[in-house]
Each structure stands twice: as structure tokens, then as C-alpha cells.
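A.B. asks: So that we are looking at the same thing, I have put the structure below in C-alpha cells.
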Protein chains: 2
Amino acid sequence: MPRRIAEYKSDEKISLSHGAGGRLSLNLITGLFKKNFRNKILNKLEDSAVFRLDGQKVAFTTDSYVIQPIFFPGGDIGKLAVCGTINDLCVMGAKPRALSCSLIIEEGLEQSVLEKIILSMKKTAQKARVQIVTGDTKVVEKGGADKIFINTSGIGTISNEIDLGKEKIRIGDKIIINGTIGDHATAVLSSRESLEFQTRVKSDCAPLSDLIGLILKFKNKIKFMRDPTRGGLASVLNEMVLEKRFGILLFENKIPIKDEVKGLCELLGYDPLYLANEGKVIIVIAPQVAEKALNVLRKNPKGKNAEIIGEITNKFKGLVGLKTKFGGTRLIDMPAGEQFPRIC
Amino acid sequence: MPRRIAEYKSDEKISLSHGAGGRLSLNLITGLFKKNFRNKILNKLEDSAVFRLDGQKVAFTTDSYVIQPIFFPGGDIGKLAVCGTINDLCVMGAKPRALSCSLIIEEGLEQSVLEKIILSMKKTAQKARVQIVTGDTKVVEKGGADKIFINTSGIGTISNEIDLGKEKIRIGDKIIINGTIGDHATAVLSSRESLEFQTRVKSDCAPLSDLIGLILKFKNKIKFMRDPTRGGLASVLNEMVLEKRFGILLFENKIPIKDEVKGLCELLGYDPLYLANEGKVIIVIAPQVAEKALNVLRKNPKGKNAEIIGEITNKFKGLVGLKTKFGGTRLIDMPAGEQFPRIC
């Protein structure tokens, strides 16, 4: 019997865990949003909605960014907002075509800080060759918000040759990641004043349109893609197999991770599989082309540490297993609650 | 010489007025966002961006809602978020096709409150026959936001027969509004605890897709539409003539306003021309069909109080004049600062 998630309960208060991308987030999404807004497009709960606009297949996505602090090693809230939404379009096989930018600003924010963020958005969008075409600005009184929140929504177009979806996944398909895990969370946490560790690790925050564009040439051999942001690799993979008749086997020794991130995780008791990434993509691909795709990825700077980290298996259903370095297998559960609030 | 707005200065702090839809908002938009993100689509600074996606003309818009209180007579933040974005699409002549919904929730919000808001969004979207197809939820710690902020973005499609824009406006064109002004602001202000007046006025918050759909049959006779939200009628009309070689003459005795709203404005010293509306549209239309359009509007409940309230004139350029009930003419300036924060 495939594992199911717990029920949504309406008599509780919203906690930080409801926004953390784990089990409670999923309860809220399925128990409240999907239940009420239900329609064929939303029900898929993908990173972007995919539908046709008078013939043209489009992807449409939205994300609000509340990261704290707003500047961190390797990025800032503006760069993150542009990258995150571009990546949510790209993992659906879409070419990003237009972004929106909606700001909620706390009264008293220095205009020079806002300008720095806007310039960062501009630079990131230019690099990814996407235009920001519409926007909105709201200001709330001091104490009504925390400095600045940014929503970016995006539209992309999808070629008719691309057809991704969990339903395309087959036993034996390989799972690829384009590089090291946990860099974003590590960089952000290290820049919080309350924490007492320092690191040279930078956030991996980057638009993946070019990298993903390169592997779209494998067309229908690509089954599914997802960017492992909030909740990390563990969340994405668990969502992928939830209520499915297949499972995932990961190989611990194949998962790329920086020594510094690994060391900090051991020191602080974090599991890197649950740490957020902002420049990573998980690709489920047919085994025949997996090695070829790996080589394509490795030629791009954003994919130079790409690895085949696991495969789709029928050994367990609806679950994610990890083959450890010592030869054993342990189950990787979906995170229940909040590890780190405001990581994106 | 057409009037120009003041310069954007980057050495200041963001104030509530920067989000109020008046002169300071415009400074920020032109001096920072337009300057940096500049592209042909954004530069028009319309309520929605309009562009082609592989042949199909589409409208794309975004708005974040921070209204306080979140429940008010005639609506709530959820209804408002759906209506506002639908209306921003409709005033571009678009048929709304899909909405996104992105929530920023303060930790501790009762789930029952969230549920009420979601049900309101559902009901409003259903009424307007638009689907919410994608979403996002973030939770910030207590004190990091004020209960809930909602971003809705939307996509619409525009028929090739519709071509709206300020550049279509000609001397002699008529200006229509579909009903009474100031209802939304009055209802919201009356529900704030700090204010000591009571009113039976309800917000006009409503999706205008059906009403605007009715008058789209006048095709290229419709020159321009805009919904007078933040900053009210005065802001929208001033933006319309800004740096243009024409002006607007309004007829005070034609502007629909409820007695109760008028009375409160006199009592409290507010000018109803600057009060926010959430179910109103300003239509600039060729004089030959203005009366016909008026009759069409009046047959719909949302247009039963429609009036021709003014016309495009060459008597003054870049300015908005009001012919008062007493026969004089006074200039209606763009609001400089914040009258009421968090009205939408």
C-alpha cells in the first residue's frame, strides 16, 4: 500500500512548518488549496501550471520570497526571486518568456538597499535573457513586514516535443543532480547573526535556463525535473514517489556535497538531504541516455559536478531509500516540520 | 509644456507614500523600476503587460494585497486579490484565463481564518469563471508580517480586434465611469478600529470581467480603460494625461457618489476623487458611441449608476480640470503622498 500523507486539520494555527516544504506544507496544499481551487491544471501540483493558451502550450508559476537575511553569500533576495521563478519554469521544460515583480516593502527601508536589490534582479534577468514586464509595489508601516518581500511570477512556452510528468517515470529510470547539495542553506544560515559559525560556502543561487536548455535535446527521454529548494532533495524525491507504485534508491557515495557543508552538517546535526538548494535540478531520465546527459551537463559550469545519484526501483513503493557508504539501506522520510524558516 | 513629475531620489527611505499610487509611487516606478528593467513592454506602465506569445496576444499582471483589516464590509483580502487582478487584465481588453495565488502568512494565523479567505477566493474566481492554477505559501515568524499578504498574478488573452492605449485617445473622447466613487475606501476605513465613524457603505470590490466584456463590442471605439484603485479617480486621470498634449475636463455634477460617502468626506476632510475603488472602471471612448456604451453599462447591476463624467480637451495639456457645481473650474492634482495606507 503506497504511503499517504496525514490529514489537514482546520482547527490549528499556521506554524512555520506550514511554509517549509515538508509534510505540513503538503497537508495545507492538498487539504485546503487543492481541495478548494481544484481544477485539472492545479491538481497536478507541479512547480508551474501547464496549460494551452489558444494552441500554445504555456507554463505559469508564482513564488513569494521572504528570505532572511536579504543579502547572503552568493546572492540576495532579488537574485533569488528571479532565479527561483525562472527555474520553476525550466523544470517544466519551458523557455521563460516574461517575469513579473511585486514588492512588499517595510516603511523605512533605505532606498539604496532597494536599488541594490533591483539592480541584482536586472542583472540576473539579463543574464538569463528574460524580461521583467510588469510589477507592483506596496509599502506597509514599520513592523508590518520584515524589510522586503518579493513575489515573482513567470510565463514560459513549452515546445510540443517536450512532455514531462511523474506519470512518465518508469522502473529503471536514472536520477541525476547537476551538483553539490546544501550550498544555499549553508550560506544563508552562516550569514544569520544568531548563528555562530562561519563558512566560505556561497549560495548556488543561479538561473538554470541555459543548463536545462542543453538537456532538453533528450526530449521524451527526460521524464521529470524538479528543483530541490525548500525541504531539499529529500522533499522533492518523496513528493515524486508519494502514492506511486515505485520508489527511489539513492547512492550516498554518489551525492555531491562540499566537504565544508558536510563538516558543518556533522557539527550541527543537520542532514544535508534536507537542505535547500537554489541552483540545482533533479532530472529523471531514461537509462539509455543517462550517461550522455551527464556528459552534457558536466561541460557546463553549473553542471560540472553532476552525478547519477539514484534510480527508480520497484523494491519499495512510495518510499525513498538511501544505500549508505557502509552498504546498508535507510529510508529517507519527508521532513515533517521546519528545519530553517525563511530560507527562500 | 506638459507637466512632468518630480525626480526619483535614491538617498531617501521608503515611506508609505511610495506605495500609495500617487506622485511618489510614480517617481519610484519611473526612477528605479522602469529605468532598470526597461523594455518595450514594461515601459508602457499599464495595468497589465501586453505582448505576443508565439502569435497570441496576451496580458500579464501582478498585484500584492496588504489590505488592513483583512475582512471589511463587502469583501476580504481574498476576494480583493482575485478581483483586483481580474480587473487589471480586463482593463487591457483581455479575457482572464488563469490566476496564481501566493500567500505570505504570519505564524499563528488561525487556519479557520485562512480557510475563510481561501473560500472567498474560490467563490470569486468561480463567479468570474477564472481558474487559480498555481500557488505558493510562505510562513514568516510572528511579527514578521501582518496576518496575511496575498499576491495574485494573472494571464489573459486579447482578441486582435481590441487595441487599447493612451496613444489612441483623441480630443473630444468621452470619459465614462460605471458607478459611485469612494465606496471601497470608505468601507475599509470605517472598519478600522482606530477610526470613530460608522457607515453602511460596502466596498464595491467586484470582478468586472462580465461588465467590461459587454462593452468590448465597441472594439476600436474604446480607446483606453483603467480601474481607479489606489489614489482614486484623480490618480488614474492624472497618469492618463501626464506629459500628453491633451487634458481632461470633469463635470463634478456628473460624478456618481453616494450621499453617505459624500457626507463622510465633508466631515473628515477627504476628497472623494482620491479615494480607492475596487469595482470601478474608467472608459475613454469615442464620442459617437459614448451614449450607447452608457446604456449598455446601465443594464448591468455593476453599471447601473454609470455616467459620462468628463471629456478629453485641448484647453489644458497634461492636466485634469474639474468644472464644479458652482460653475468654476479647479485643477485636480495627482496625490503627492499617502492618504490611507494599506487600502488594497
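Just remember, in the C-alpha cells the first chain shown is A, the second B, etc., residues are 1-based per chain, and ligands are 1-based in the order shown.
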If you run DSSP on this backbone, which residues of stretch 149-240 of chain A come out as strand (DSSP E), and could you give them as a list in words?
C.D. replies: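 Taking stretch 149-240 of chain A and keeping strand (DSSP E) gives Phe149, Ile150, Asn151, Thr152, Ser153, Gly154, Ile155, Gly156, Thr157, Ile158, Lys174, Ile175, Ile176, Ile177, Ile222, Lys223, Phe224, Met225 and Arg226 of chain A.
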A.B. asks: Which residues are near stretch 69-76 of chain B? Cut-off 9 Å, only C-alpha atoms, ignore same chain within fewer than 6 positions. Put them as a list in words.
C.D. replies: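 Contacts, in chain order: Ile117, Ser120, Lys147, Ile148, His184, Ala187, Val188, Leu189, Ser190, Ser191, Arg192, Arg200, Val201, Lys202, Ser203, Asp204, Cys205, Ala206, Arg342 and Ile343 of chain B.
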A.B. asks: Quick one: write out the picked residues with N, CA, C and O atoms as a short mmCIF file (atom, residue, chain, number, x, y, z; two decimals), in the first residue's frame?
C.D. replies:
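Output below, filename selection.cif:
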```cif
data_model
loop_
_atom_site.label_atom_id
_atom_site.label_comp_id
_atom_site.auth_asym_id
_atom_site.auth_seq_id
_atom_site.Cartn_x
_atom_site.Cartn_y
_atom_site.Cartn_z
N ILE B 117 -10.65 32.87 3.91
CA ILE B 117 -10.09 33.67 2.81
C ILE B 117 -10.00 32.84 1.53
O ILE B 117 -10.33 33.31 0.44
N SER B 120 -13.33 32.40 -0.01
CA SER B 120 -13.75 33.63 -0.66
C SER B 120 -13.07 33.78 -2.04
O SER B 120 -13.70 34.19 -3.01
N LYS B 147 -0.52 39.31 9.64
CA LYS B 147 -1.54 38.29 9.36
C LYS B 147 -1.34 37.59 8.02
O LYS B 147 -0.89 36.46 7.96
N ILE B 148 -1.70 38.25 6.92
CA ILE B 148 -1.56 37.59 5.63
C ILE B 148 -1.45 38.63 4.51
O ILE B 148 -2.14 39.65 4.53
N HIS B 184 -15.09 51.72 -1.74
CA HIS B 184 -14.12 50.78 -1.15
C HIS B 184 -13.37 51.42 0.02
O HIS B 184 -13.32 50.88 1.12
N ALA B 187 -15.59 51.99 3.09
CA ALA B 187 -15.91 50.75 3.81
C ALA B 187 -14.72 50.25 4.61
O ALA B 187 -14.85 49.83 5.77
N VAL B 188 -13.54 50.31 4.02
CA VAL B 188 -12.34 49.80 4.70
C VAL B 188 -11.97 50.69 5.88
O VAL B 188 -11.70 50.20 6.98
N LEU B 189 -12.01 51.99 5.66
CA LEU B 189 -11.64 52.92 6.74
C LEU B 189 -12.62 52.79 7.91
O LEU B 189 -12.22 52.85 9.07
N SER B 190 -13.89 52.60 7.58
CA SER B 190 -14.89 52.52 8.65
C SER B 190 -14.72 51.26 9.49
O SER B 190 -15.19 51.19 10.62
N SER B 191 -14.01 50.26 8.92
CA SER B 191 -13.85 49.03 9.68
C SER B 191 -12.54 48.99 10.45
O SER B 191 -12.20 48.00 11.08
N ARG B 192 -11.79 50.08 10.39
CA ARG B 192 -10.56 50.14 11.19
C ARG B 192 -10.91 50.59 12.58
O ARG B 192 -11.62 51.59 12.77
N ARG B 200 -22.83 52.37 6.58
CA ARG B 200 -23.39 51.16 5.98
C ARG B 200 -22.81 50.91 4.59
O ARG B 200 -23.22 50.01 3.89
N VAL B 201 -21.88 51.80 4.17
CA VAL B 201 -21.30 51.67 2.83
C VAL B 201 -20.47 50.40 2.75
O VAL B 201 -19.67 50.11 3.65
N LYS B 202 -20.70 49.64 1.68
CA LYS B 202 -19.90 48.43 1.45
C LYS B 202 -18.88 48.68 0.36
O LYS B 202 -19.12 49.48 -0.55
N SER B 203 -17.78 47.95 0.42
CA SER B 203 -16.79 48.03 -0.66
C SER B 203 -17.44 47.61 -1.98
O SER B 203 -18.29 46.72 -2.00
N ASP B 204 -17.04 48.26 -3.06
CA ASP B 204 -17.56 47.89 -4.38
C ASP B 204 -16.78 46.73 -5.00
O ASP B 204 -17.04 46.33 -6.15
N CYS B 205 -15.83 46.19 -4.25
CA CYS B 205 -14.96 45.08 -4.68
C CYS B 205 -15.72 44.04 -5.52
O CYS B 205 -16.59 43.33 -5.01
N ALA B 206 -15.42 43.95 -6.80
CA ALA B 206 -16.11 43.01 -7.69
C ALA B 206 -15.28 42.75 -8.93
O ALA B 206 -14.55 43.65 -9.38
N ARG B 342 -2.43 50.93 3.12
CA ARG B 342 -2.98 49.56 3.14
C ARG B 342 -4.47 49.50 2.85
O ARG B 342 -5.22 48.83 3.54
N ILE B 343 -4.85 50.20 1.79
CA ILE B 343 -6.25 50.23 1.36
C ILE B 343 -6.52 49.10 0.37
O ILE B 343 -7.66 48.80 0.03
#
```
A.B. asks: Can you list, as a compact mmCIF listing (two decimals) with C-alpha atoms, in the first residue's frame, every protein, DNA or RNA residue that comes within 12 Å of B:Lys244 when you count only C-alpha atoms, leaving out same-chain residues fewer than 4 positions away?
C.D. replies:
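As a result, part24.txt now contains:
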```
# COMPACT_ATOMS: atom_id res chain seq x y z
CA MET B 1 4.90 72.46 -21.77
CA PRO B 2 3.31 69.28 -20.41
CA ARG B 3 3.81 68.84 -16.69
CA ARG B 4 6.50 66.39 -15.57
CA LYS B 166 -3.23 56.12 -24.29
CA GLU B 167 -1.95 56.91 -27.78
CA LYS B 168 -5.45 56.19 -29.16
CA ILE B 169 -7.02 58.99 -27.09
CA ARG B 170 -8.28 62.00 -29.12
CA ILE B 171 -9.68 65.43 -28.23
CA LEU B 237 -6.81 60.58 -14.78
CA ASN B 238 -3.60 62.44 -13.98
CA GLU B 239 -1.50 59.48 -15.09
CA MET B 240 -3.54 59.34 -18.28
CA ILE B 248 -9.27 66.22 -19.10
CA ILE B 312 -10.69 64.91 -23.36
CA THR B 313 -9.93 68.56 -24.01
CA ASN B 314 -7.23 70.69 -25.61
CA PHE B 316 -5.21 72.47 -20.92
CA LYS B 317 -2.46 69.98 -21.56
CA GLY B 318 -1.27 67.36 -19.13
CA LEU B 319 -3.79 68.48 -16.53
CA VAL B 320 -7.12 67.43 -15.08
```
A.B. asks: I need the residue nearest chain B from this list: A:Thr199, A:Asn27, A:Thr152, A:Gln111. Use only C-alpha atoms for the distance.
C.D. replies: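 Answer, going by the shortest atom-to-atom distance: A:Gln111.
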A.B. asks: Pull out every residue of chain A that has at least one atom within 7 Å of chain B, counting only C-alpha atoms, and report them as number ranges by chain.
C.D. replies: A: 10-16, 18-19, 36-37, 41-42, 48-49, 61-64, 100, 102, 107-112, 119, 122, 132-141, 143-146, 153, 342
A.B. asks: Restricting the calculation to only C-alpha atoms: of A:Ile158, A:Leu249, A:Ala185, A:Leu264, which residue gets closest to A:Asn277?
C.D. replies: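 Under the stated criterion, the closest residue is A:Ala185.
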A.B. asks: Using the chain letters and numbers from this document, which residues of stretch 35-244 of chain A does DSSP assign to helix (DSSP H, G or I), as an MDAnalysis selection string?
C.D. replies: chainID A and resid 35:37 42:44 77:90 111:127 166:168 183:190 209:221 232:241
A.B. asks: Skipping near chain neighbours, those fewer than 5 positions away, what residues fall within 9 Å of stretch 286-295 of chain B using only C-alpha atoms, listed as a ChimeraX atom specification?
C.D. replies: /B:169-170,172-178,214-215,218,220-223,303-304,306-308,311
